[in-house]
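The structure appears below as structure tokens.
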Amino acid sequence: CLFYQYVEPMWTKTQHKKARSFVIGLGAKLNVTGRGRCAAEGLNCTLTGSPADVRKFCQGLRAWNPLFEETDFKLTDGLKANERFKALTVRKTDELVAYGLAGENAPSLRENGTKHLNAIDYHKMMQEKDTVIIDVRNYYESAIGHFQPPLGGAELIDPKMRNSHEFPKWLNAPETQARLTGKKV
């Protein structure tokens, strides 16, 4: 299971601590293992376990906090037992993804004008000529696999970042802004 869930407004220090503690406890109760990052801005986890237990974990998060009703849990069944994480580690961090935009430096989720696309609409948009897809993962992750738009469709841009904190500088560069002008991103 892989998921990100951003929180706005951000969790207080107490809420942040309780969220991390809850996730660790729920994972232990359900024998779910993996890695996670818990920040005042939300929760990001990659988890392994039996299909039933991982789904119970997702339902447990939703029962604990209605915010997780909007979480898009990406589930993949069939992982061999020896490929699972050995333990659950949830680190307390300043950011879910280390862009260097923690706290008040992060753009507002509610006021940024973006729109979440479901898979069908995303694939339709990949066919549109004046559309740009930016792969915001690091270079290694992007090299492993990425969406490939059809010929004549959207343009895929890989910023070739080694680390996520390089993204804001790349995005704000004049040549990047020129490349994005007039495009759906």
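Chains: A, B, ... in order of the structure tokens. Residues: from 1 per chain. Ligands: from 1, in order shown.
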Near region 134-147 of chain A, within 8 Å and counting only C-alpha atoms, which residues show up once chain neighbours fewer than 3 positions away are dropped, as a PDB file with all heavy atoms, in the first residue's frame?
```
ATOM      1  N   LEU A 156       6.273  14.877 -21.754  1.00  0.00           N
ATOM      2  CA  LEU A 156       6.769  14.440 -20.452  1.00  0.00           C
ATOM      3  C   LEU A 156       8.066  15.177 -20.163  1.00  0.00           C
ATOM      4  O   LEU A 156       8.994  15.170 -20.979  1.00  0.00           O
ATOM      5  CB  LEU A 156       7.022  12.929 -20.442  1.00  0.00           C
ATOM      6  CG  LEU A 156       7.674  12.380 -19.168  1.00  0.00           C
ATOM      7  CD1 LEU A 156       6.723  12.495 -17.982  1.00  0.00           C
ATOM      8  CD2 LEU A 156       8.094  10.935 -19.374  1.00  0.00           C
ATOM      9  N   ILE A 157       8.121  15.816 -19.002  1.00  0.00           N
ATOM     10  CA  ILE A 157       9.337  16.515 -18.587  1.00  0.00           C
ATOM     11  C   ILE A 157       9.867  15.842 -17.325  1.00  0.00           C
ATOM     12  O   ILE A 157       9.156  15.715 -16.336  1.00  0.00           O
ATOM     13  CB  ILE A 157       9.086  18.007 -18.298  1.00  0.00           C
ATOM     14  CG1 ILE A 157       8.569  18.723 -19.549  1.00  0.00           C
ATOM     15  CG2 ILE A 157      10.372  18.668 -17.809  1.00  0.00           C
ATOM     16  CD1 ILE A 157       8.211  20.178 -19.318  1.00  0.00           C
ATOM     17  N   ASP A 158      11.104  15.431 -17.382  1.00  0.00           N
ATOM     18  CA  ASP A 158      11.792  14.876 -16.212  1.00  0.00           C
ATOM     19  C   ASP A 158      12.854  15.892 -15.810  1.00  0.00           C
ATOM     20  O   ASP A 158      13.842  16.076 -16.529  1.00  0.00           O
ATOM     21  CB  ASP A 158      12.436  13.536 -16.574  1.00  0.00           C
ATOM     22  CG  ASP A 158      13.220  12.926 -15.416  1.00  0.00           C
ATOM     23  OD1 ASP A 158      13.287  13.539 -14.332  1.00  0.00           O
ATOM     24  OD2 ASP A 158      13.775  11.828 -15.611  1.00  0.00           O
ATOM     25  N   PRO A 159      12.685  16.576 -14.677  1.00  0.00           N
ATOM     26  CA  PRO A 159      13.664  17.577 -14.256  1.00  0.00           C
ATOM     27  C   PRO A 159      15.033  16.992 -13.892  1.00  0.00           C
ATOM     28  O   PRO A 159      15.980  17.734 -13.658  1.00  0.00           O
ATOM     29  CB  PRO A 159      13.026  18.224 -13.020  1.00  0.00           C
ATOM     30  CG  PRO A 159      11.590  17.891 -13.107  1.00  0.00           C
ATOM     31  CD  PRO A 159      11.503  16.583 -13.823  1.00  0.00           C
ATOM     32  N   LYS A 160      15.117  15.658 -13.851  1.00  0.00           N
ATOM     33  CA  LYS A 160      16.366  14.954 -13.540  1.00  0.00           C
ATOM     34  C   LYS A 160      16.955  15.415 -12.205  1.00  0.00           C
ATOM     35  O   LYS A 160      18.140  15.709 -12.091  1.00  0.00           O
ATOM     36  CB  LYS A 160      17.371  15.094 -14.676  1.00  0.00           C
ATOM     37  CG  LYS A 160      16.848  14.498 -15.973  1.00  0.00           C
ATOM     38  CD  LYS A 160      17.917  14.370 -17.009  1.00  0.00           C
ATOM     39  CE  LYS A 160      17.465  13.832 -18.332  1.00  0.00           C
ATOM     40  NZ  LYS A 160      16.356  12.976 -18.446  1.00  0.00           N
ATOM     41  N   MET A 161      16.080  15.447 -11.215  1.00  0.00           N
ATOM     42  CA  MET A 161      16.495  15.861  -9.880  1.00  0.00           C
ATOM     43  C   MET A 161      17.135  14.684  -9.148  1.00  0.00           C
ATOM     44  O   MET A 161      16.654  13.563  -9.231  1.00  0.00           O
ATOM     45  CB  MET A 161      15.288  16.325  -9.059  1.00  0.00           C
ATOM     46  CG  MET A 161      14.566  17.491  -9.633  1.00  0.00           C
ATOM     47  SD  MET A 161      13.114  17.908  -8.635  1.00  0.00           S
ATOM     48  CE  MET A 161      12.087  16.469  -8.858  1.00  0.00           C
ATOM     49  N   ARG A 162      18.180  14.957  -8.446  1.00  0.00           N
ATOM     50  CA  ARG A 162      18.769  13.935  -7.573  1.00  0.00           C
ATOM     51  C   ARG A 162      18.003  13.908  -6.254  1.00  0.00           C
ATOM     52  O   ARG A 162      17.776  12.868  -5.686  1.00  0.00           O
ATOM     53  CB  ARG A 162      20.246  14.236  -7.355  1.00  0.00           C
ATOM     54  CG  ARG A 162      20.955  13.227  -6.493  1.00  0.00           C
ATOM     55  CD  ARG A 162      22.448  13.515  -6.451  1.00  0.00           C
ATOM     56  NE  ARG A 162      23.075  12.823  -5.362  1.00  0.00           N
ATOM     57  CZ  ARG A 162      23.537  11.581  -5.422  1.00  0.00           C
ATOM     58  NH1 ARG A 162      23.418  10.905  -6.541  1.00  0.00           N
ATOM     59  NH2 ARG A 162      24.103  11.032  -4.378  1.00  0.00           N
ATOM     60  N   ASN A 163      17.620  15.086  -5.796  1.00  0.00           N
ATOM     61  CA  ASN A 163      16.881  15.222  -4.542  1.00  0.00           C
ATOM     62  C   ASN A 163      15.686  16.145  -4.747  1.00  0.00           C
ATOM     63  O   ASN A 163      15.754  17.091  -5.538  1.00  0.00           O
ATOM     64  CB  ASN A 163      17.778  15.817  -3.440  1.00  0.00           C
ATOM     65  CG  ASN A 163      18.920  14.901  -3.101  1.00  0.00           C
ATOM     66  OD1 ASN A 163      18.707  13.797  -2.651  1.00  0.00           O
ATOM     67  ND2 ASN A 163      20.147  15.362  -3.340  1.00  0.00           N
ATOM     68  N   SER A 164      14.621  15.880  -3.999  1.00  0.00           N
ATOM     69  CA  SER A 164      13.384  16.651  -4.142  1.00  0.00           C
ATOM     70  C   SER A 164      13.569  18.135  -3.863  1.00  0.00           C
ATOM     71  O   SER A 164      12.877  18.964  -4.456  1.00  0.00           O
ATOM     72  CB  SER A 164      12.312  16.084  -3.206  1.00  0.00           C
ATOM     73  OG  SER A 164      12.021  14.764  -3.558  1.00  0.00           O
ATOM     74  N   PHE A 167      13.604  20.687  -6.710  1.00  0.00           N
ATOM     75  CA  PHE A 167      12.433  20.979  -7.545  1.00  0.00           C
ATOM     76  C   PHE A 167      12.026  22.451  -7.551  1.00  0.00           C
ATOM     77  O   PHE A 167      11.812  23.021  -8.633  1.00  0.00           O
ATOM     78  CB  PHE A 167      11.247  20.093  -7.147  1.00  0.00           C
ATOM     79  CG  PHE A 167      10.034  20.309  -8.013  1.00  0.00           C
ATOM     80  CD1 PHE A 167      10.026  19.890  -9.336  1.00  0.00           C
ATOM     81  CD2 PHE A 167       8.915  20.952  -7.517  1.00  0.00           C
ATOM     82  CE1 PHE A 167       8.926  20.100 -10.149  1.00  0.00           C
ATOM     83  CE2 PHE A 167       7.808  21.164  -8.320  1.00  0.00           C
ATOM     84  CZ  PHE A 167       7.813  20.741  -9.642  1.00  0.00           C
ATOM     85  N   VAL A 185      -0.553  21.859 -17.040  1.00  0.00           N
ATOM     86  CA  VAL A 185       0.512  21.137 -16.347  1.00  0.00           C
ATOM     87  C   VAL A 185      -0.093  20.128 -15.411  1.00  0.00           C
ATOM     88  O   VAL A 185      -0.973  20.433 -14.647  1.00  0.00           O
ATOM     89  CB  VAL A 185       1.434  22.111 -15.568  1.00  0.00           C
ATOM     90  CG1 VAL A 185       2.536  21.356 -14.842  1.00  0.00           C
ATOM     91  CG2 VAL A 185       2.015  23.151 -16.507  1.00  0.00           C
TER      92      VAL A 185
END
```
Q.
Can you tell me, as a PyMOL selection string, which residues in chain A count as alpha helix (DSSP H) by DSSP?
A. chain A and resi 13-30+51-64+119-125+139-144+167-172+174-180
Q. Do you know which residues are at most 12 Å from Gly25 (chain A) counting only C-alpha atoms, after dropping those on the same chain fewer than 5 positions away, and could you put them as a list in words?
A.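 In the requested format, the answer is Lys18, Ala19, Arg20, Leu30, Asn31, Val32, Thr33, Phe57, Gly60, Leu61, Leu88, Thr89 and Val90 of chain A.
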Using C-alpha atoms, can you export the residues from the last selection as an mmCIF file, in the first residue's frame?
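The resulting file, part_24.cif, is reproduced below:
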```
data_model
loop_
_atom_site.group_PDB
_atom_site.id
_atom_site.type_symbol
_atom_site.label_atom_id
_atom_site.label_comp_id
_atom_site.auth_asym_id
_atom_site.auth_seq_id
_atom_site.Cartn_x
_atom_site.Cartn_y
_atom_site.Cartn_z
ATOM 1 C CA LYS A 18 -0.821 11.530 18.142
ATOM 2 C CA ALA A 19 -0.995 10.766 14.406
ATOM 3 C CA ARG A 20 2.433 9.149 14.388
ATOM 4 C CA LEU A 30 -2.485 -5.530 12.319
ATOM 5 C CA ASN A 31 1.028 -6.864 11.597
ATOM 6 C CA VAL A 32 1.505 -4.209 8.905
ATOM 7 C CA THR A 33 5.104 -3.204 8.229
ATOM 8 C CA PHE A 57 -5.144 -0.627 8.230
ATOM 9 C CA GLY A 60 -8.547 1.950 10.613
ATOM 10 C CA LEU A 61 -7.115 5.267 9.421
ATOM 11 C CA LEU A 88 7.222 -0.520 10.613
ATOM 12 C CA THR A 89 9.206 2.687 10.852
ATOM 13 C CA VAL A 90 7.365 6.017 10.846
#
```
**Q.** Exercise: Lys17 (chain A) partners within 12 Å, only C-alpha atoms, chain neighbours under 6 positions left out, as a list in words
**A.** Trp11, Val23, Ile24, Arg37, Cys38, Ala39, Ala40, Gly42, Leu43, Val90, Arg91, Lys92 and Thr93 of chain A
Pick out the residues sitting within 9 Å of Gln5 (chain A), and hand them over as an mmCIF file with all heavy atoms, in the first residue's frame; count only C-alpha atoms, and ignore anything fewer than 5 positions along from it in its own chain.
```
data_model
loop_
_atom_site.group_PDB
_atom_site.id
_atom_site.type_symbol
_atom_site.label_atom_id
_atom_site.label_comp_id
_atom_site.auth_asym_id
_atom_site.auth_seq_id
_atom_site.Cartn_x
_atom_site.Cartn_y
_atom_site.Cartn_z
ATOM 1 N N GLU A 41 2.296 18.449 8.120
ATOM 2 C CA GLU A 41 1.499 18.604 6.894
ATOM 3 C C GLU A 41 0.827 17.323 6.454
ATOM 4 O O GLU A 41 0.086 17.318 5.474
ATOM 5 C CB GLU A 41 2.355 19.160 5.766
ATOM 6 C CG GLU A 41 3.460 18.234 5.325
ATOM 7 C CD GLU A 41 4.357 18.843 4.253
ATOM 8 O OE1 GLU A 41 4.212 20.045 3.928
ATOM 9 O OE2 GLU A 41 5.194 18.112 3.725
ATOM 10 N N GLY A 42 1.035 16.196 7.169
ATOM 11 C CA GLY A 42 0.327 14.975 6.814
ATOM 12 C C GLY A 42 1.132 13.708 6.980
ATOM 13 O O GLY A 42 2.093 13.659 7.750
ATOM 14 N N LEU A 43 0.727 12.684 6.238
ATOM 15 C CA LEU A 43 1.266 11.333 6.391
ATOM 16 C C LEU A 43 1.543 10.720 5.023
ATOM 17 O O LEU A 43 0.739 10.838 4.103
ATOM 18 C CB LEU A 43 0.240 10.480 7.150
ATOM 19 C CG LEU A 43 0.609 9.065 7.513
ATOM 20 C CD1 LEU A 43 1.800 9.010 8.472
ATOM 21 C CD2 LEU A 43 -0.603 8.363 8.135
ATOM 22 N N ASN A 44 2.675 10.048 4.909
ATOM 23 C CA ASN A 44 3.095 9.368 3.680
ATOM 24 C C ASN A 44 3.632 8.008 4.097
ATOM 25 O O ASN A 44 4.531 7.939 4.926
ATOM 26 C CB ASN A 44 4.181 10.205 2.998
ATOM 27 C CG ASN A 44 4.980 9.446 1.957
ATOM 28 O OD1 ASN A 44 4.588 8.387 1.478
ATOM 29 N ND2 ASN A 44 6.122 9.992 1.610
ATOM 30 N N LEU A 67 -10.468 12.650 7.624
ATOM 31 C CA LEU A 67 -9.584 13.166 6.587
ATOM 32 C C LEU A 67 -9.138 12.050 5.636
ATOM 33 O O LEU A 67 -8.998 12.253 4.432
ATOM 34 C CB LEU A 67 -8.353 13.817 7.233
ATOM 35 C CG LEU A 67 -7.231 14.230 6.298
ATOM 36 C CD1 LEU A 67 -7.685 15.429 5.464
ATOM 37 C CD2 LEU A 67 -5.987 14.574 7.076
ATOM 38 N N PHE A 68 -8.966 10.854 6.173
ATOM 39 C CA PHE A 68 -8.480 9.734 5.368
ATOM 40 C C PHE A 68 -9.567 9.140 4.463
ATOM 41 O O PHE A 68 -9.273 8.255 3.661
ATOM 42 C CB PHE A 68 -7.828 8.681 6.262
ATOM 43 C CG PHE A 68 -6.527 9.160 6.840
ATOM 44 C CD1 PHE A 68 -6.480 9.742 8.086
ATOM 45 C CD2 PHE A 68 -5.349 9.067 6.103
ATOM 46 C CE1 PHE A 68 -5.286 10.220 8.617
ATOM 47 C CE2 PHE A 68 -4.161 9.547 6.609
ATOM 48 C CZ PHE A 68 -4.121 10.125 7.872
ATOM 49 N N GLU A 70 -10.699 10.773 2.077
ATOM 50 C CA GLU A 70 -10.310 11.269 0.757
ATOM 51 C C GLU A 70 -8.968 10.723 0.287
ATOM 52 O O GLU A 70 -8.506 11.043 -0.803
ATOM 53 C CB GLU A 70 -10.295 12.803 0.745
ATOM 54 C CG GLU A 70 -9.308 13.417 1.722
ATOM 55 C CD GLU A 70 -9.438 14.924 1.832
ATOM 56 O OE1 GLU A 70 -10.501 15.393 2.263
ATOM 57 O OE2 GLU A 70 -8.470 15.629 1.478
ATOM 58 N N THR A 71 -8.344 9.864 1.066
ATOM 59 C CA THR A 71 -7.042 9.300 0.708
ATOM 60 C C THR A 71 -7.178 8.280 -0.408
ATOM 61 O O THR A 71 -8.050 7.420 -0.377
ATOM 62 C CB THR A 71 -6.384 8.625 1.942
ATOM 63 O OG1 THR A 71 -6.304 9.578 2.994
ATOM 64 C CG2 THR A 71 -4.994 8.114 1.607
ATOM 65 N N ASP A 72 -6.300 8.391 -1.373
ATOM 66 C CA ASP A 72 -6.235 7.436 -2.481
ATOM 67 C C ASP A 72 -5.176 6.395 -2.122
ATOM 68 O O ASP A 72 -3.991 6.609 -2.361
ATOM 69 C CB ASP A 72 -5.882 8.173 -3.774
ATOM 70 C CG ASP A 72 -5.929 7.295 -4.998
ATOM 71 O OD1 ASP A 72 -6.408 6.144 -4.905
ATOM 72 O OD2 ASP A 72 -5.482 7.761 -6.060
#
```
Q: Would you mind telling me which residue in A:Gly182, A:Pro149, A:Gly34, A:Gly27 lies nearest to Ala87 (chain A) when using only C-alpha atoms?
A: A:Gly34
Q: Would you please work out which residue, of A:Gln15, A:Tyr4, A:Glu128, A:Pro168, is nearest to Asn65 (chain A) when using only C-alpha atoms?
A: A:Gln15
Q | Who sits within 8 Å of Pro150 (chain A), only C-alpha atoms, same chain under 2 positions skipped, as a list in words | A |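 Everything that qualifies: Met126, Gln127, Gln148, Gly152, Gly153 and Ala154 of chain A.
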Q) In Å, how far is it from CA of Arg55 (chain A) to CA of Ala119 (chain A)? A) 20.7 Å
**Q.** Selected residue, from A:Gly78, A:Glu166, A:Met10, A:Leu2, that lies nearest to Cys58 (chain A) when counting only C-alpha atoms
**A.**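 Looking only at the distances to Cys58 (chain A), the closest residue turns out to be A:Leu2.
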Q: Go ahead and compute the interatomic distance for CA of Thr114 (chain A) and CA of Lys184 (chain A), in Å to one decimal.
A: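 Between these atoms lies a distance of 10.4 Å.
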**Q.** In region 56-146 of chain A, DSSP strand (DSSP E or B) residues written as a ChimeraX atom specification
**A.** /A:74,88-92,131-134
